[in-house]
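Working notes for the structure below.
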Amino acid sequence: MRHVSSYNPSILPWESAFSETSLRKLEAALDNDCVEDAWEVFCDYKCLHGLPKRDLVRKMISLMACSSSTQWLHKAYDLVLVVFRERPDILHSEGLIRLSLILARSQMPVLCSTIFRIVFENFKIPSDDLLCTIFCHLVKSEIGSYLASNILVEICESSQACKPVVRKSIQLKPMIHNATIFNLILDSCSKYGCFLKAQLIIELMSKFGVTADVNTITILAQLYENIGQRAELMRLRVHIDRVAPLSFKRHYCQFYDSLLSLHFKYNDIDSAAELMLELYRNSKSSIYGDILITANNGLRNACLVQIGSDNLKTGHKLKIDPWHLDSNFIVDSQSYSGLALFTDGKIIPSTKALAKLIHGYVKQSNVIELSNFIIEVEKVMGSTEGCFSDSVIDACIQLGYLEIAHDILDDLESADIHVGVNIYTSLLRAYCKENMLEESKMLLNQMRKVGLLGKLSNADAISSNLCSNCNGNSFGTKTDWSEGRSLLAGYLSKEIKEDDSTHPLVYEFNSSILFFCKANMMEDAIMTVKRMQKKNMQPTIETYSHLLSGYSSLKMYRQITILWGDIKRRLEEGVLHVDRDLFECLLMNFLRGGYFERVMEIADYMIKRNIFADKWKYKKEFLKLHQNLYRNLKAIHTKTDAQRKRLEYVQAFRKWVGIHTKGKNV
């Protein structure tokens with residue numbers, strides 16, 4: 001199939017008749033929807049006479065766009081680029097937006113984003129609904145999500161740069177206040193691990209006064225969990241705890257799941273226990289909350305929450321409405337880490353969360369607090385059977401934590417919490433199996449005090465094999481494991497085997513580094529990194545992301561080159577994993593600072609690791625800052641070796657992003 005040419009010779013007088021004939025053939029083919037015939041005539045005409053009149057070009061693009069063939073969509077895209085370079089006035093925004101939507105549906109994100117950006121460059125933008133639809137298709141793929149987030153950032157930045165009258169003419173104001181659009185992009189950033197970009201989107205929401213709804217808060221919970229920013233969730237919790245109606249509560253299951261997960265990551269077991277107790281209490285009082293909130297429903301208002309630095313000069317405030325749920329886009333409320341569950345209209349801690357709590361307290365040798373937690377839960381649950389406590393003690397017995405199980409049993413007896421007979425017999429059997437005679441006698445004396453042995457002597461009780469009949473079915477002992485363990489015991493065993501390799505202090509250090517970076521206190525941030533390394537804890541991707549963001553906000557490009565050296569070394573050692581956001585941020589900063597050798601070094605890293613690069617973005621940044629840099633300078637005219645090398649890197653960059661010396665650049 002032939003391709004359109006950019007060659008446009010002058011038309012001679014004797015060619016006029018042939019030109020008219022070709023135009024009639026082209027019109028007929030377009031009217032009859034004969035795409036192949038129309039394209040053949042179009043290419044012939046273009047080679048001889050240049051582009052035909054405006055309506056025919058638009059019809060040609062529209063006809064190819066409406067084809068379901070990937071081949072024709074590519075040709076439509078190529079034609080748009082040619083027309084944009086030669087006769088941009090011919091293009092029609094509505095037709096291009098339609099083509100962009102079709103390309104998005106066909107999962108051609110790069111082509112879609114280019115067409116969309118051509119439209120936006122001419123101060124045109126689709127309606128909110130159409131933009132949402134395009135983004136919905138784009139975020140289905142990682143590259144599409146990456147491009148969609150860049151486009152949203154570009155729209156917001158353009159809105160900031162535009163004069164008010166221009167903003168009004170291109171109808172940017174409604175779009176940049178549409179929470180659904182931001183939620184779509186934030187959700188995709190969370191899904192594909194683009195955490196630096198997500199934080200930028202959150203800051204833009206704050207700057208433009210976008211009101212975060214239930215969906216936004218759910219996505220934020222996932223994002224902050226992934227990057228270990230517990231303080232952000234603690235600020236949000238103040239407002240989320242006030243939401244009581246069951247219709248909303250289920251959407252916040254993810255929020256409590258993420259907060260609970262972060263408590264465990266920080267090894268803050270007491271805070272985890274407090275949150276779990278609060279969830280148990282709320283599960284018993286939700287019905288009253290519904291009545292109370294329904295009566296005061298008209299009084300609720302959106303509120304502001306501090307994000308980023310606590311320093312008021314450098315932080316941002318995000319407007320949130322934890323009562324508002326946009327039905328156009330609803331995030332899956334199923335918990336990400338499986339620590340909180342929504343069941344029977346209530347959010348409760350899962351068996352997995354309970355296993356983490358037990359394991360945390362056992363590691364700390366803090367059985368007293370574990371016992372206190374169990375006692376409080378029993379009081380909240382209001383059960384006289386002690387089912388919850390039985391399940392915990394039973395799991396400890398199955399895992400061989402016999403001393404801990406006995407200590408908990410003692411504490412429960414002291415608190416007058418009933419313990420099932422099967423727990424006593426299970427523990428006795430475990431003692432017998434381990435030949436722990438002294439412990440067996442102590443337990444038998446306890447059993448006698450509560451009236452479980454009757455007239456049997458200790459020796460008779462043991463010899464009668466009383467402890468072999470302890471396979472009772474207590475709360476939480478549903479068999480779900482190959483070894484016949486209870487569900488809780490199975491999760492507890494898994495926790496012991498899969499103990500988190502990341503030291504809790506890493507999260508604490510990163511949190512401090514983030515604070516200093518957001519407050520523009522970079523010296524303190526670097527000192528914190530050094531303290532971190534002295535404790536044999538290596539910087540993570542999050543550490544470098546925080547430092548990079550801090551330096552970038554202060555335009556400290558030289559320091560970023562030093563930071564890149566450290567990152568590169570750790571990448572080569574295999575200590576760090578490749579992160580697209582980090583590479584993009586590095587490249588953009590080196591580009592802004594004019595460090596073209598470093599720019600091409602990052603570009604080579606991305607090419608070798610098959611990381612997609614949004615060249616349109618880098619090209620526009622270059623043209624904005626360095627458009628005429630070395631434009632007419634040739635290597636033979638350079639005065640120093642340093643200038644010659646820099647020229648080579650600038651030329652290499654121009655070639656990489658496709659910047660032409662003449663004509664429009666696309």
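Note on naming: chains are A, B, ... as they come in the structure tokens, residues start from 1 per chain, ligands start from 1 in the order shown.
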
Those in region 336-553 of chain A with helix (DSSP H, G or I) from DSSP, as JSON, numbers by chain = {"A": [351, 352, 353, 354, 355, 356, 357, 358, 359, 360, 361, 362, 363, 367, 368, 369, 370, 371, 372, 373, 374, 375, 376, 377, 378, 379, 380, 381, 387, 388, 389, 390, 391, 392, 393, 394, 395, 396, 397, 398, 402, 403, 404, 405, 406, 407, 408, 409, 410, 411, 412, 413, 414, 421, 422, 423, 424, 425, 426, 427, 428, 429, 430, 431, 432, 433, 437, 438, 439, 440, 441, 442, 443, 444, 445, 446, 447, 448, 449, 458, 459, 460, 461, 462, 463, 466, 467, 468, 487, 488, 489, 490, 491, 492, 493, 494, 495, 496, 497, 504, 505, 506, 507, 508, 509, 510, 511, 512, 513, 514, 515, 516, 517, 518, 522, 523, 524, 525, 526, 527, 528, 529, 530, 531, 532, 533, 534, 541, 542, 543, 544, 545, 546, 547, 548, 549, 550, 551, 552, 553]}

- Can you tell me, as an NGL selection string, what residues are no more than 10 Å from region 521-526 of chain A when counting only C-alpha atoms, ignoring any on the same chain fewer than 5 positions away? :A and (509-510 or 512-516 or 531-532 or 543 or 546-547 or 550-551 or 554)

With N, CA and C atoms retained, write the just-selected residues as a JSON list (two decimals), in the first residue's frame.
[["chain", "number", "residue", "atom", "x", "y", "z"],
["A", 509, "PHE", "N", 12.74, 6.30, 58.38],
["A", 509, "PHE", "CA", 13.74, 7.17, 57.76],
["A", 509, "PHE", "C", 13.18, 7.84, 56.50],
["A", 510, "ASN", "N", 12.52, 7.04, 55.65],
["A", 510, "ASN", "CA", 11.95, 7.61, 54.42],
["A", 510, "ASN", "C", 10.91, 8.67, 54.71],
["A", 512, "SER", "N", 10.91, 10.64, 57.33],
["A", 512, "SER", "CA", 11.64, 11.84, 57.75],
["A", 512, "SER", "C", 12.27, 12.55, 56.55],
["A", 513, "ILE", "N", 12.83, 11.75, 55.63],
["A", 513, "ILE", "CA", 13.46, 12.32, 54.42],
["A", 513, "ILE", "C", 12.42, 13.06, 53.58],
["A", 514, "LEU", "N", 11.23, 12.46, 53.47],
["A", 514, "LEU", "CA", 10.16, 13.11, 52.71],
["A", 514, "LEU", "C", 9.78, 14.44, 53.35],
["A", 515, "PHE", "N", 9.68, 14.46, 54.66],
["A", 515, "PHE", "CA", 9.33, 15.70, 55.36],
["A", 515, "PHE", "C", 10.35, 16.79, 55.06],
["A", 516, "PHE", "N", 11.64, 16.45, 55.18],
["A", 516, "PHE", "CA", 12.69, 17.44, 54.95],
["A", 516, "PHE", "C", 12.68, 17.93, 53.50],
["A", 531, "ARG", "N", 22.56, 8.83, 58.18],
["A", 531, "ARG", "CA", 22.23, 8.10, 59.40],
["A", 531, "ARG", "C", 21.63, 6.74, 59.07],
["A", 532, "MET", "N", 20.84, 6.73, 58.04],
["A", 532, "MET", "CA", 20.21, 5.49, 57.56],
["A", 532, "MET", "C", 21.29, 4.48, 57.16],
["A", 543, "THR", "N", 13.39, 6.50, 48.75],
["A", 543, "THR", "CA", 14.38, 7.46, 49.27],
["A", 543, "THR", "C", 14.87, 8.38, 48.16],
["A", 546, "HIS", "N", 12.19, 10.80, 46.84],
["A", 546, "HIS", "CA", 11.99, 11.98, 47.70],
["A", 546, "HIS", "C", 13.10, 13.01, 47.49],
["A", 547, "LEU", "N", 14.36, 12.52, 47.44],
["A", 547, "LEU", "CA", 15.49, 13.43, 47.26],
["A", 547, "LEU", "C", 15.42, 14.12, 45.90],
["A", 550, "GLY", "N", 12.82, 16.78, 45.89],
["A", 550, "GLY", "CA", 13.27, 17.94, 46.66],
["A", 550, "GLY", "C", 14.24, 18.80, 45.88],
["A", 551, "TYR", "N", 15.25, 18.16, 45.28],
["A", 551, "TYR", "CA", 16.22, 18.91, 44.48],
["A", 551, "TYR", "C", 15.55, 19.56, 43.27],
["A", 554, "LEU", "N", 13.78, 22.79, 43.90],
["A", 554, "LEU", "CA", 14.71, 23.90, 44.14],
["A", 554, "LEU", "C", 15.62, 24.17, 42.94]]

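Residue nearest Leu492 (chain A), chosen from A:Lys356, A:Arg230, A:Arg429, A:Lys619 and counting only C-alpha atoms: A:Lys356.
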
Here CA of Ser100 (chain A) and CA of Gly209 (chain A) stand apart by 28.3 Å

Among A:Cys43, A:Ile374, A:Ala415, A:Ile118, Leu354 (chain A) is approached most closely, using only C-alpha atoms, by A:Ile374

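For the pair CA of His251 (chain A) and CA of Thr133 (chain A), the interatomic distance is 23.5 Å.
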
Nearest to Tyr224 (chain A), restricted to only C-alpha atoms and choosing among A:Ile90, A:Ile143, A:Ile348, A:Leu260, comes out as A:Leu260

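Counting from CA of Lys75 (chain A), the distance to CA of Ser62 (chain A) is 11.2 Å.
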
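The closest residue to Gly345 (chain A), picked from A:Phe653, A:Tyr252, A:Tyr401, A:Phe264 and counting only C-alpha atoms, is A:Tyr252.
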
*asked:* Env of Cys66 (chain A): 12 Å cut, atoms = only C-alpha atoms, seq-sep filter 2 positions within chain, self excluded. Answer as a PyMOL selection string.
replied: chain A and resi 33-35+59-64+68-76+95-96+98-103+105-106
